>>> print(open('query00.tsv').read())   # TSV, C-alpha atoms
chain	number	residue	atom	x	y	z
A	126	MET	CA	66.80	130.22	113.90
A	127	THR	CA	69.41	127.56	114.58
A	128	SER	CA	72.65	128.13	116.39
A	129	PRO	CA	75.87	128.01	114.36
A	130	TYR	CA	77.71	124.72	114.03
A	131	HIS	CA	80.48	124.02	116.51
A	132	ILE	CA	82.98	121.17	116.23
A	133	ASP	CA	81.97	119.86	119.67
A	134	GLN	CA	78.60	118.89	118.16
A	135	ASN	CA	80.25	116.34	115.87
A	136	PRO	CA	80.75	112.96	117.59
A	137	HIS	CA	83.32	111.97	114.99
A	138	LYS	CA	85.71	114.82	115.82
A	139	GLY	CA	86.65	113.73	119.36
A	140	ASN	CA	90.03	112.17	118.62
A	141	ARG	CA	93.17	114.26	118.76
A	142	GLY	CA	96.87	113.63	118.14
A	143	LEU	CA	98.05	110.04	117.74
A	144	ALA	CA	94.58	108.62	118.40
A	145	ARG	CA	93.23	110.62	115.48
A	146	ALA	CA	96.08	109.49	113.24
A	147	TRP	CA	95.53	105.85	114.26
A	148	HIS	CA	91.79	105.99	113.53
A	149	ALA	CA	92.41	107.81	110.24
A	150	ALA	CA	94.90	105.11	109.20
A	151	LYS	CA	92.40	102.35	110.08
A	152	ASN	CA	89.66	104.11	108.09
A	153	SER	CA	92.01	104.57	105.14
A	154	TRP	CA	92.93	100.89	105.19
A	155	CYS	CA	89.24	99.92	105.30
A	156	GLY	CA	88.63	102.16	102.29
A	157	LEU	CA	91.37	100.43	100.33
A	158	VAL	CA	90.02	97.00	101.29
A	159	TYR	CA	86.46	97.96	100.29
A	160	ALA	CA	87.71	99.38	96.99
A	161	PHE	CA	89.66	96.20	96.25
A	162	GLN	CA	86.75	93.92	97.19
A	163	GLU	CA	83.94	95.85	95.53
A	164	GLU	CA	85.32	97.91	92.65
A	165	SER	CA	86.56	96.05	89.58
A	166	ALA	CA	87.92	99.26	88.04
A	167	PHE	CA	90.05	99.82	91.15
A	168	ARG	CA	91.40	96.26	90.91
A	169	GLN	CA	92.25	96.78	87.22
A	170	GLU	CA	94.03	100.05	87.91
A	171	LEU	CA	95.82	98.56	90.90
A	172	THR	CA	97.01	95.73	88.64
A	173	LEU	CA	98.31	98.35	86.22
A	174	PHE	CA	100.13	100.05	89.12
A	175	VAL	CA	101.65	96.76	90.35
A	176	LEU	CA	102.84	95.81	86.85
A	177	LEU	CA	104.20	99.20	85.77
A	178	THR	CA	105.88	100.34	88.99
A	179	PRO	CA	108.76	97.85	88.64
A	180	VAL	CA	109.07	98.88	84.98
A	181	ALA	CA	109.52	102.49	86.08
A	182	PHE	CA	112.35	101.44	88.39
A	183	LEU	CA	114.06	99.46	85.60
A	184	LEU	CA	113.93	102.19	82.97
A	185	PRO	CA	117.19	104.10	82.36
A	186	ILE	CA	115.71	107.45	83.45
A	187	SER	CA	116.27	109.95	86.25
A	188	TYR	CA	114.81	109.53	89.71
A	189	LEU	CA	112.50	112.45	89.03
A	190	GLU	CA	111.12	110.76	85.92
A	191	LYS	CA	110.64	107.51	87.84
A	192	ALA	CA	108.78	109.43	90.56
A	193	LEU	CA	106.57	111.15	87.97
A	194	LEU	CA	105.68	107.87	86.27
A	195	ILE	CA	104.75	106.24	89.58
A	196	ALA	CA	102.89	109.37	90.74
A	197	SER	CA	100.81	109.33	87.56
A	198	LEU	CA	99.73	105.77	88.37
A	199	LEU	CA	98.97	106.69	91.98
A	200	MET	CA	96.90	109.63	90.74
A	201	VAL	CA	94.73	107.22	88.75
A	202	LEU	CA	94.09	105.21	91.93
A	203	VAL	CA	93.28	108.35	93.92
A	204	VAL	CA	90.81	109.60	91.32
A	205	GLU	CA	89.21	106.15	91.11
A	206	LEU	CA	88.71	106.15	94.90
A	207	LEU	CA	87.09	109.59	94.71
A	208	ASN	CA	84.88	108.42	91.85
A	209	SER	CA	83.84	105.35	93.83
A	210	SER	CA	83.03	107.51	96.85
A	211	VAL	CA	80.75	109.73	94.74
A	212	GLU	CA	79.01	106.66	93.32
A	213	ALA	CA	78.57	105.14	96.80
A	214	ALA	CA	77.10	108.36	98.18
A	215	ILE	CA	74.65	108.63	95.28
A	216	ASP	CA	73.64	104.98	95.62
A	217	ARG	CA	73.13	105.55	99.36
A	218	ILE	CA	70.61	108.26	98.56
A	219	SER	CA	68.69	106.25	95.95
A	220	PHE	CA	69.08	103.61	93.26
A	221	GLU	CA	66.36	105.32	91.23
A	222	HIS	CA	67.48	107.00	88.02
A	223	HIS	CA	67.87	110.76	88.28
A	224	ASP	CA	69.57	113.08	85.81
A	225	LEU	CA	71.67	114.79	88.51
A	226	SER	CA	72.81	111.43	89.88
A	227	LYS	CA	73.81	110.35	86.38
A	228	ARG	CA	75.63	113.64	85.85
A	229	ALA	CA	77.60	113.28	89.10
A	230	LYS	CA	78.58	109.70	88.23
A	231	ASP	CA	79.55	110.76	84.70
A	232	PHE	CA	81.72	113.58	86.11
A	233	GLY	CA	83.53	111.03	88.28
A	234	SER	CA	84.00	108.71	85.34
A	235	ALA	CA	85.34	111.57	83.22
A	236	ALA	CA	87.82	112.44	85.98
A	237	VAL	CA	89.13	108.86	85.95
A	238	MET	CA	89.44	108.96	82.17
A	239	LEU	CA	91.43	112.20	82.32
A	240	ALA	CA	93.71	110.77	85.04
A	241	LEU	CA	94.35	107.74	82.82
A	242	LEU	CA	95.06	110.05	79.88
A	243	ILE	CA	97.60	111.99	81.97
A	244	ALA	CA	99.29	108.70	82.94
A	245	VAL	CA	99.43	107.58	79.30
A	246	LEU	CA	100.87	110.92	78.22
A	247	MET	CA	103.53	110.87	80.94
A	248	TRP	CA	104.55	107.27	80.21
A	249	SER	CA	104.62	108.01	76.48
A	250	ALA	CA	106.71	111.15	76.93
A	251	VAL	CA	109.28	109.23	78.98
A	252	CYS	CA	109.28	105.89	77.13
A	253	ILE	CA	109.05	106.92	73.47
A	254	PRO	CA	112.46	108.68	73.47
A	255	ILE	CA	114.00	105.56	75.06
A	256	VAL	CA	112.55	103.30	72.37
A	257	LEU	CA	113.49	105.66	69.53
A	258	LYS	CA	117.03	106.29	70.80
A	259	PRO	CA	119.51	105.26	68.05
>>> encode(input="query00.tsv", output="structure tokens")
Amino acid sequence: MTSPYHIDQNPHKGNRGLARAWHAAKNSWCGLVYAFQEESAFRQELTLFVLLTPVAFLLPISYLEKALLIASLLMVLVVELLNSSVEAAIDRISFEHHDLSKRAKDFGSAAVMLALLIAVLMWSAVCIPIVLKP
């Protein structure tokens, strides 16, 4: 029988306070750089974010609506990063085709599609009344 896990057994959990925050920020930055360099879908969605964020600021809408439009675009990027992490973990295990690996990758892809759908719905709900205003 094995002894229960204790946090002291994990060599990656040694940092505390500002050191932990600094290392977490560096790791987060590396993740963004890897995503930009290696994931074309992330670059496409980042381009969408860069193009539409100024549009959100220029629209004659409330600050809350602007925040929701930008948040919907950020959500797409977040879900894409999570999808890419699932794909990287599966590829780390094996490149060989397996039904469970395909299912996990398809789930991630479906999550990205739903995040994009939410963004389209939010942008449509805010922009259509502006366009149709007499």
>>> closest_residue(input="query00.tsv", among="A:Leu183, A:Ala146, A:Leu194, A:Leu189", to="Ala250 (chain A)", atoms="all atoms listed in the file")
A:Leu194
>>> residues_around(input="query00.tsv", residues="Val175 (chain A)", least_positions_apart="4", cutoff="12 Å", atoms="only C-alpha atoms", output="list in words")
Arg168, Gln169, Glu170, Leu171, Pro179, Val180, Ala181, Phe182, Ile195, Leu198, Leu199 and Leu202 of chain A
>>> atom_distance(input="query00.tsv", atom1="CA of Ser197 (chain A)", atom2="CA of Thr172 (chain A)")
14.2 Å
>>> closest_residue(input="query00.tsv", among="A:Ile186, A:Val204, A:Ala149, A:Leu176", to="Ala235 (chain A)", atoms="only C-alpha atoms")
A:Val204
>>> residues_around(input="query00.tsv", residues="Asp216 (chain A)", least_positions_apart="6", cutoff="12 Å", atoms="all atoms listed in the file", output="PyMOL selection string")
chain A and resi 209-210+222-223+226-227+229-230
>>> residues_around(input="query00.tsv", residues="Leu239 (chain A)", least_positions_apart="6", cutoff="12 Å", atoms="all atoms listed in the file", output="PyMOL selection string")
chain A and resi 197+200-201+204-205+232-233+245-246
>>> atom_distance(input="query00.tsv", atom1="CA of Leu207 (chain A)", atom2="CA of Ala236 (chain A)")
9.2 Å
>>> atom_distance(input="query00.tsv", atom1="CA of His137 (chain A)", atom2="CA of Trp154 (chain A)")
17.6 Å
>>> closest_residue(input="query00.tsv", among="A:Leu206, A:Ala213, A:Gly139, A:Ala192", to="Met247 (chain A)", atoms="all atoms listed in the file")
A:Ala192
>>> closest_residue(input="query00.tsv", among="A:His148, A:Pro185, A:Ser234, A:Tyr159", to="Lys258 (chain A)", atoms="all atoms listed in the file")
A:Pro185
>>> closest_residue(input="query00.tsv", among="A:Ala196, A:Arg145, A:Asn208, A:Ile218", to="Ile243 (chain A)", atoms="all atoms listed in the file")
A:Ala196
>>> closest_residue(input="query00.tsv", among="A:Asp224, A:Val256, A:Leu177, A:Trp248", to="Leu193 (chain A)", atoms="all atoms listed in the file")
A:Trp248
>>> build_atoms(input="query00.tsv", residues="region 232-243 of chain A", atoms="N, CA, C and O atoms", output="tab-separated table (two decimals), in the coordinates of the input")
chain	number	residue	atom	x	y	z
A	232	PHE	N	80.59	112.70	85.79
A	232	PHE	CA	81.72	113.58	86.11
A	232	PHE	C	82.86	112.77	86.72
A	232	PHE	O	84.02	112.95	86.39
A	233	GLY	N	82.51	111.88	87.66
A	233	GLY	CA	83.53	111.03	88.28
A	233	GLY	C	84.22	110.14	87.27
A	233	GLY	O	85.45	109.99	87.28
A	234	SER	N	83.44	109.57	86.38
A	234	SER	CA	84.00	108.71	85.34
A	234	SER	C	84.91	109.51	84.41
A	234	SER	O	85.99	109.03	84.03
A	235	ALA	N	84.51	110.72	84.07
A	235	ALA	CA	85.34	111.57	83.22
A	235	ALA	C	86.66	111.92	83.92
A	235	ALA	O	87.71	111.96	83.27
A	236	ALA	N	86.60	112.14	85.23
A	236	ALA	CA	87.82	112.44	85.98
A	236	ALA	C	88.79	111.27	85.92
A	236	ALA	O	90.00	111.46	85.75
A	237	VAL	N	88.28	110.05	86.05
A	237	VAL	CA	89.13	108.86	85.95
A	237	VAL	C	89.73	108.77	84.56
A	237	VAL	O	90.93	108.50	84.41
A	238	MET	N	88.93	109.02	83.54
A	238	MET	CA	89.44	108.96	82.17
A	238	MET	C	90.56	109.97	81.96
A	238	MET	O	91.58	109.66	81.34
A	239	LEU	N	90.39	111.18	82.48
A	239	LEU	CA	91.43	112.20	82.32
A	239	LEU	C	92.69	111.82	83.09
A	239	LEU	O	93.81	112.06	82.61
A	240	ALA	N	92.54	111.22	84.28
A	240	ALA	CA	93.71	110.77	85.04
A	240	ALA	C	94.46	109.69	84.27
A	240	ALA	O	95.69	109.68	84.22
A	241	LEU	N	93.71	108.79	83.64
A	241	LEU	CA	94.35	107.74	82.82
A	241	LEU	C	95.06	108.37	81.62
A	241	LEU	O	96.16	107.95	81.25
A	242	LEU	N	94.44	109.37	81.02
A	242	LEU	CA	95.06	110.05	79.88
A	242	LEU	C	96.37	110.72	80.30
A	242	LEU	O	97.37	110.65	79.58
A	243	ILE	N	96.38	111.36	81.46
A	243	ILE	CA	97.60	111.99	81.97
A	243	ILE	C	98.69	110.93	82.16
A	243	ILE	O	99.85	111.14	81.78
